[in-house]
Each structure stands twice: as structure tokens, then as C-alpha cells.
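K.L.:
Right, I'll just put the structure down here and ask away after.
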Amino acid sequence: MSDVRIRSLHADDPELEERLERFTVGLGERIDVIQEDEATGALERVAEQAQSLAAEAAELGFPVLERAAAQAAGVAASGDTAGTHKSLVQLTEVVRRVRLGHRPLP
């Protein structure tokens, strides 16, 4: 696992500060929902949720997260169960790094 923190390209924009905070705090719950959908075989919902995450990540300046979420959405939409699981493992790692990137340093 990488400990490289991922920060938004807009992290220094005071107008986006609250939205970035809500987004990064909410990432844990969002990835949990996506994983639960995957566990129940609801790949269509996985695709929808991951695509929504990709769109918001793009708006907020997280290109790495955008790509990982878009990849997961595409694989889930194709119906590839094993591929979806693999892409969600990768997406979960990116989410972890984004959340680390937006926590205050000790």
C-alpha cells in the first residue's frame, strides 16, 4: 500500500474549502455503499455510484480519483464480477489516499 497522500488541485481555493471537506469526509461512507452493492451483485448500482463519484472528483480537482472511479464504473457496467472487485480494491486505495491527503498533518 502506498502512503502517498492525494490532495485536490483546488485545495488552496477558499471558495471550495467546505465542499472539499464534506466530499473527503463522505468518501468513507460512499466507498462502503459501493462495496456493499458489489457484495450483493448489484453491479448496475456500483456503476452508477462510481460514475457519480468520478464526476464529482473531476469537479473538485481529483484526477486520480476520477480515473479510478470511472474505471470501476466501466468495468461494473460491463458485468465483469471479478474485474469489478479488482477495480474496487484499487478505487478503495485511492479513496484512502485522498482522505489522508485532506487530514491535517500531525
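We name chains A, B, ... following the order of the C-alpha cells; residues begin at 1 in each chain, and ligands are numbered from 1 as shown.
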Mind checking which residues fall within 10 Å of His102 in chain A, counting only C-alpha atoms, ignoring those fewer than 3 positions away in the same chain, and posting them as a list in words?

P.N.:
Arg5, Ile6, Arg7, Ser8, Ala11, Leu20, Glu21, Thr24, Val25, Arg97, Val98, Arg99 and Leu105 of chain A

K.L.:
Show me, as CSV, the residues of range 5-79 of chain A having an atom within 8 Å of range 88-95 of chain A, each with the closest atom pair and its distance in Å, using only C-alpha atoms.

P.N.:
```
residue,atom,partner,partner_atom,distance
A:Ile6,CA,A:Val94,CA,8.0
A:Leu27,CA,A:Val95,CA,6.7
A:Gly28,CA,A:Val95,CA,7.6
A:Ile31,CA,A:Thr92,CA,6.7
A:Gln35,CA,A:Leu88,CA,7.4
A:Val64,CA,A:Val94,CA,7.5
A:Leu65,CA,A:Val94,CA,6.1
A:Ala68,CA,A:Leu91,CA,5.3
A:Ala69,CA,A:Leu91,CA,6.2
A:Ala72,CA,A:Leu88,CA,6.1
```

K.L.:
Nearest residue to Val4 in chain A out of A:Leu100, A:Leu16, A:Ala70, A:Ala55, using only C-alpha atoms?

P.N.:
A:Leu100

K.L.:
Taking the DSSP secondary structure from the backbone, can you list the residues of range 6-101 of chain A that are alpha helix (DSSP H), as JSON, numbers by chain?

P.N.:
{"A": [17, 18, 19, 20, 21, 22, 23, 24, 25, 26, 27, 28, 29, 30, 31, 32, 33, 34, 35, 36, 37, 38, 39, 43, 44, 45, 46, 47, 48, 49, 50, 51, 52, 53, 54, 55, 56, 57, 58, 59, 63, 64, 65, 66, 67, 68, 69, 70, 71, 72, 73, 74, 75, 76, 77, 78, 81, 82, 83, 84, 85, 86, 87, 88, 89, 90, 91, 92, 93, 94, 95, 96, 97, 98, 99, 100, 101]}

K.L.:
List as a PyMOL selection string the protein and nucleic acid residues near Glu56 in chain A, meaning an atom at most 9 Å away when only C-alpha atoms are counted, but skip any in the same chain fewer than 6 places from it.

P.N.:
chain A and resi 23+62+66

K.L.:
Selected residues, N, CA, C and O atoms, written as a PDB file, in the first residue's frame, please.

P.N.:
```pdb
ATOM      1  N   PHE A  23     -16.813  16.470   0.941  1.00  0.00           N
ATOM      2  CA  PHE A  23     -16.523  15.407  -0.015  1.00  0.00           C
ATOM      3  C   PHE A  23     -15.558  14.386   0.571  1.00  0.00           C
ATOM      4  O   PHE A  23     -15.814  13.188   0.534  1.00  0.00           O
ATOM      5  N   PHE A  62      -9.674  16.114  -8.438  1.00  0.00           N
ATOM      6  CA  PHE A  62      -9.032  14.860  -8.056  1.00  0.00           C
ATOM      7  C   PHE A  62      -8.926  13.953  -9.281  1.00  0.00           C
ATOM      8  O   PHE A  62      -9.675  12.973  -9.405  1.00  0.00           O
ATOM      9  N   GLU A  66     -10.837  10.468 -10.034  1.00  0.00           N
ATOM     10  CA  GLU A  66     -11.757  10.451 -11.174  1.00  0.00           C
ATOM     11  C   GLU A  66     -11.484   9.243 -12.067  1.00  0.00           C
ATOM     12  O   GLU A  66     -12.406   8.506 -12.441  1.00  0.00           O
TER      13      GLU A  66
END
```

K.L.:
Between A:Leu60, A:Ala39, A:Leu53, A:Ala47, which is the closest to His85 in chain A once you count only C-alpha atoms?

P.N.:
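Ranking A:Leu60, A:Ala39, A:Leu53, A:Ala47 by distance to His85 in chain A, first place goes to A:Ala39.
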
K.L.:
Nearest to Ser78 in chain A: which of A:Val46, A:Arg103, A:Gly61, A:Leu9 is it, counting only C-alpha atoms?

P.N.:
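Of all the options, A:Val46 lies closest to Ser78 in chain A.
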
K.L.:
Which is closest to Arg96 in chain A among A:Glu38, A:Glu59, A:Glu48, A:Asp3, if we use only C-alpha atoms?

P.N.:
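Selected residue with least distance to Arg96 in chain A: A:Asp3.
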